[in-house]
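Encoded as structure tokens, the structure appears first; notes follow it.
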Amino acid sequence: MKNKLFQEAVTTCKASLHSLFPTLHFTKVTAPDMSIGSDFFGEDPQHENLELASKRLEQFQQENPNSLLANGYLEERSFYNTSRFERTINDTTEYRNIHLGTDFWVPAQTPVNAILDGEVVISHHNNFHKDYGPLVVVKHSNNGTIFYTLYGHLTLDSLKISPKGRNIKKGELLAKIGSEKENGHWVPHLHFQIITDLLGETENYNGVAFPSEVEKWKTLCPDPALLFEEKF
């Protein structure tokens, strides 16, 4: 029901990806395949060798020079097939590896602007390996429907730009993209996610789901593409 209400509410508040990344120039959106089974990162499917990963992304960007690189919603990824994202129940082991947001693979320090008016309700450094690093979550209200947008892998100073309680207007600077030294150990990118229920979280929020729970999380985290004018 929440998912349906959200989809009805956002019909009047779609934004352009050019508003999210006002300093970038692109004419289309292209999705690199990083799903399990893909050879995008060669012999490093868990995305630990960031030098090699950066070179592969740079090569893909050069092959698609007019593209914004965006991918990942509900993609099953081997990035997370590690003990930190593992659980075993009744002798069945699974990994929390279904991606719940869209990743925009853009350079460190890229400005990220607000696409809607809202209030910052989470501004926190999740300083763990393969976590968000600096994270900002913004609360929005449209047509009586409350929802949230999540921005992960930011610069540390983004938490000063957008502290908890900030009332932000559409078009204002929200944050900047962090480098691997501060963003949770990732090649620079923005993890963008929609949330219909924060579930009481005040510092963090799941960005990946267990395969056995994906239907629940699809309702809590609808496709981010619903918020944008461009198709991706």
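Chain labels A, B, ... are given in the sequence in which chains occur in the structure tokens; within each chain residues are numbered consecutively from 1, and ligands are likewise numbered from 1 in the order shown.
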
Find the residues of segment 92-122 of chain A that sit at most 9 Å from segment 15-35 of chain A; for each, write down the nearest two atoms and how far apart they are in Å, to one decimal. Count only C-alpha atoms. Sort by chain, then by number going up, and give it as CSV.
```
residue,atom,partner,partner_atom,distance
A:Val106,CA,A:Leu24,CA,8.7
A:Thr110,CA,A:Thr23,CA,7.4
A:Pro111,CA,A:Phe21,CA,6.3
A:Val112,CA,A:Phe21,CA,5.4
A:Asn113,CA,A:Leu20,CA,5.0
A:Ala114,CA,A:Leu20,CA,6.4
A:Ile115,CA,A:Leu20,CA,5.9
A:Leu116,CA,A:Ala15,CA,7.9
```

Original post:
What's the 8 Å shell around Gln46 of chain A, counting only C-alpha atoms, without same-chain residues fewer than 2 positions away, as a ChimeraX atom specification?
Top reply: /A:44,48,78-81

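Counting only C-alpha atoms, segment 88-97 of chain A has the following residues at most 10 Å away, ignoring those fewer than 6 positions along the same chain: Ser35, Ile36, Leu74, Glu75, Glu76, Arg77, Ser78, Phe79, Tyr80, Asn81, Thr82, Asn206, Gly207, Val208, Ala209, Phe210, Pro211, Ser212, Glu213 and Val214 of chain A.
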
Atoms to include: N, CA and C atoms. Write the selected residues as a compact mmCIF listing (two decimals), in the first residue's frame.
```txt
# COMPACT_ATOMS: atom_id res chain seq x y z
N SER A 35 26.38 -7.27 -11.69
CA SER A 35 25.66 -8.34 -11.01
C SER A 35 26.55 -9.56 -10.84
N ILE A 36 26.12 -10.49 -9.98
CA ILE A 36 26.84 -11.75 -9.82
C ILE A 36 26.93 -12.45 -11.17
N LEU A 74 17.94 -3.57 -7.24
CA LEU A 74 17.60 -4.99 -7.10
C LEU A 74 18.61 -5.92 -7.78
N GLU A 75 19.79 -5.40 -8.05
CA GLU A 75 20.86 -6.22 -8.61
C GLU A 75 21.49 -7.06 -7.51
N GLU A 76 21.67 -8.36 -7.77
CA GLU A 76 22.37 -9.23 -6.83
C GLU A 76 23.86 -9.09 -7.10
N ARG A 77 24.62 -8.72 -6.06
CA ARG A 77 26.02 -8.38 -6.24
C ARG A 77 26.94 -9.21 -5.34
N SER A 78 28.06 -9.60 -5.90
CA SER A 78 29.03 -10.36 -5.12
C SER A 78 29.85 -9.45 -4.21
N PHE A 79 29.71 -8.12 -4.36
CA PHE A 79 30.41 -7.18 -3.46
C PHE A 79 30.21 -7.58 -2.00
N TYR A 80 29.02 -8.07 -1.71
CA TYR A 80 28.59 -8.27 -0.32
C TYR A 80 28.68 -9.73 0.14
N ASN A 81 29.28 -10.59 -0.66
CA ASN A 81 29.38 -12.00 -0.28
C ASN A 81 30.58 -12.21 0.64
N THR A 82 30.48 -11.56 1.81
CA THR A 82 31.51 -11.65 2.83
C THR A 82 30.84 -11.95 4.17
N ASN A 206 19.37 -0.03 5.89
CA ASN A 206 19.83 -1.08 4.99
C ASN A 206 19.87 -0.59 3.54
N GLY A 207 21.00 -0.84 2.90
CA GLY A 207 21.13 -0.55 1.48
C GLY A 207 21.12 -1.80 0.63
N VAL A 208 21.15 -2.95 1.29
CA VAL A 208 21.08 -4.25 0.62
C VAL A 208 20.20 -5.17 1.45
N ALA A 209 19.60 -6.16 0.79
CA ALA A 209 18.64 -7.05 1.46
C ALA A 209 19.00 -8.51 1.23
N PHE A 210 18.57 -9.37 2.15
CA PHE A 210 18.69 -10.80 1.93
C PHE A 210 17.71 -11.22 0.83
N PRO A 211 18.10 -12.13 -0.04
CA PRO A 211 17.20 -12.58 -1.11
C PRO A 211 15.85 -13.07 -0.60
N SER A 212 15.84 -13.71 0.56
CA SER A 212 14.59 -14.24 1.10
C SER A 212 13.64 -13.15 1.58
N GLU A 213 14.14 -11.91 1.71
CA GLU A 213 13.32 -10.80 2.22
C GLU A 213 13.11 -9.71 1.18
N VAL A 214 13.44 -9.99 -0.06
CA VAL A 214 13.46 -8.93 -1.06
C VAL A 214 12.08 -8.33 -1.33
```

**OP:** Please run DSSP on the backbone and report, as an NGL selection string, all residues within segment 108-186 of chain A that come out as strand (DSSP E).
**Re:** :A and (111-113 or 118-126 or 133-142 or 145-152 or 167-168 or 173-176)

Original post:
Hey, what's within 10 Å of Thr219 of chain A if we count only C-alpha atoms and toss same-chain stuff fewer than 2 positions away? As a list of chain:residue names, please?
Top reply: A:Met1, A:Lys2, A:Asn3, A:Lys4, A:Phe6, A:Ile195, A:Thr196, A:Asp197, A:Val214, A:Glu215, A:Lys216, A:Trp217, A:Cys221, A:Pro222, A:Asp223

Based on the selection just made, write N, CA and C atoms of those residues as an mmCIF file, in the first residue's frame.
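What landed in result_34.cif:
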```
data_model
loop_
_atom_site.group_PDB
_atom_site.id
_atom_site.type_symbol
_atom_site.label_atom_id
_atom_site.label_comp_id
_atom_site.auth_asym_id
_atom_site.auth_seq_id
_atom_site.Cartn_x
_atom_site.Cartn_y
_atom_site.Cartn_z
ATOM 1 N N MET A 1 0.826 -1.204 0.000
ATOM 2 C CA MET A 1 0.000 0.000 0.000
ATOM 3 C C MET A 1 0.866 1.263 0.000
ATOM 4 N N LYS A 2 1.925 1.258 0.844
ATOM 5 C CA LYS A 2 2.811 2.419 0.894
ATOM 6 C C LYS A 2 3.474 2.653 -0.446
ATOM 7 N N ASN A 3 3.849 1.561 -1.103
ATOM 8 C CA ASN A 3 4.489 1.687 -2.399
ATOM 9 C C ASN A 3 3.547 2.332 -3.405
ATOM 10 N N LYS A 4 2.274 1.929 -3.382
ATOM 11 C CA LYS A 4 1.287 2.497 -4.304
ATOM 12 C C LYS A 4 1.063 3.974 -4.014
ATOM 13 N N PHE A 6 3.153 6.003 -2.614
ATOM 14 C CA PHE A 6 4.352 6.719 -3.027
ATOM 15 C C PHE A 6 4.343 6.962 -4.534
ATOM 16 N N ILE A 195 13.014 5.627 0.414
ATOM 17 C CA ILE A 195 12.536 4.892 1.591
ATOM 18 C C ILE A 195 11.117 5.348 1.908
ATOM 19 N N THR A 196 10.227 4.411 2.148
ATOM 20 C CA THR A 196 8.861 4.768 2.540
ATOM 21 C C THR A 196 8.643 4.678 4.048
ATOM 22 N N ASP A 197 9.527 3.997 4.763
ATOM 23 C CA ASP A 197 9.407 3.860 6.220
ATOM 24 C C ASP A 197 10.810 3.718 6.791
ATOM 25 N N VAL A 214 13.439 -9.986 -0.063
ATOM 26 C CA VAL A 214 13.461 -8.925 -1.063
ATOM 27 C C VAL A 214 12.079 -8.330 -1.332
ATOM 28 N N GLU A 215 11.011 -9.125 -1.233
ATOM 29 C CA GLU A 215 9.676 -8.588 -1.503
ATOM 30 C C GLU A 215 9.303 -7.514 -0.486
ATOM 31 N N LYS A 216 9.646 -7.745 0.773
ATOM 32 C CA LYS A 216 9.395 -6.733 1.815
ATOM 33 C C LYS A 216 10.182 -5.458 1.526
ATOM 34 N N TRP A 217 11.439 -5.601 1.154
ATOM 35 C CA TRP A 217 12.286 -4.440 0.951
ATOM 36 C C TRP A 217 11.956 -3.693 -0.323
ATOM 37 N N CYS A 221 11.566 0.205 -0.184
ATOM 38 C CA CYS A 221 12.527 0.957 -0.997
ATOM 39 C C CYS A 221 12.176 0.814 -2.480
ATOM 40 N N PRO A 222 11.227 1.618 -2.977
ATOM 41 C CA PRO A 222 10.836 1.556 -4.387
ATOM 42 C C PRO A 222 11.988 1.938 -5.327
ATOM 43 N N ASP A 223 11.791 1.667 -6.596
ATOM 44 C CA ASP A 223 12.789 1.967 -7.621
ATOM 45 C C ASP A 223 13.100 3.470 -7.642
#
```

Subject >> Among the residues A:Leu57, A:Val121, A:Ile146, A:Leu50, the one that comes closest to Ser179 of chain A [using only C-alpha atoms] >> reply: A:Leu50

**OP:** Work out how far atom CA of Glu172 of chain A is from atom CA of Leu154 of chain A, in Å to one decimal.
**Re:** 16.0 Å

Subject >> Selected residue, from A:Asn143, A:Gln7, A:Gly133, A:His47, that lies nearest to Ser158 of chain A when counting only C-alpha atoms >> reply: A:Gly133
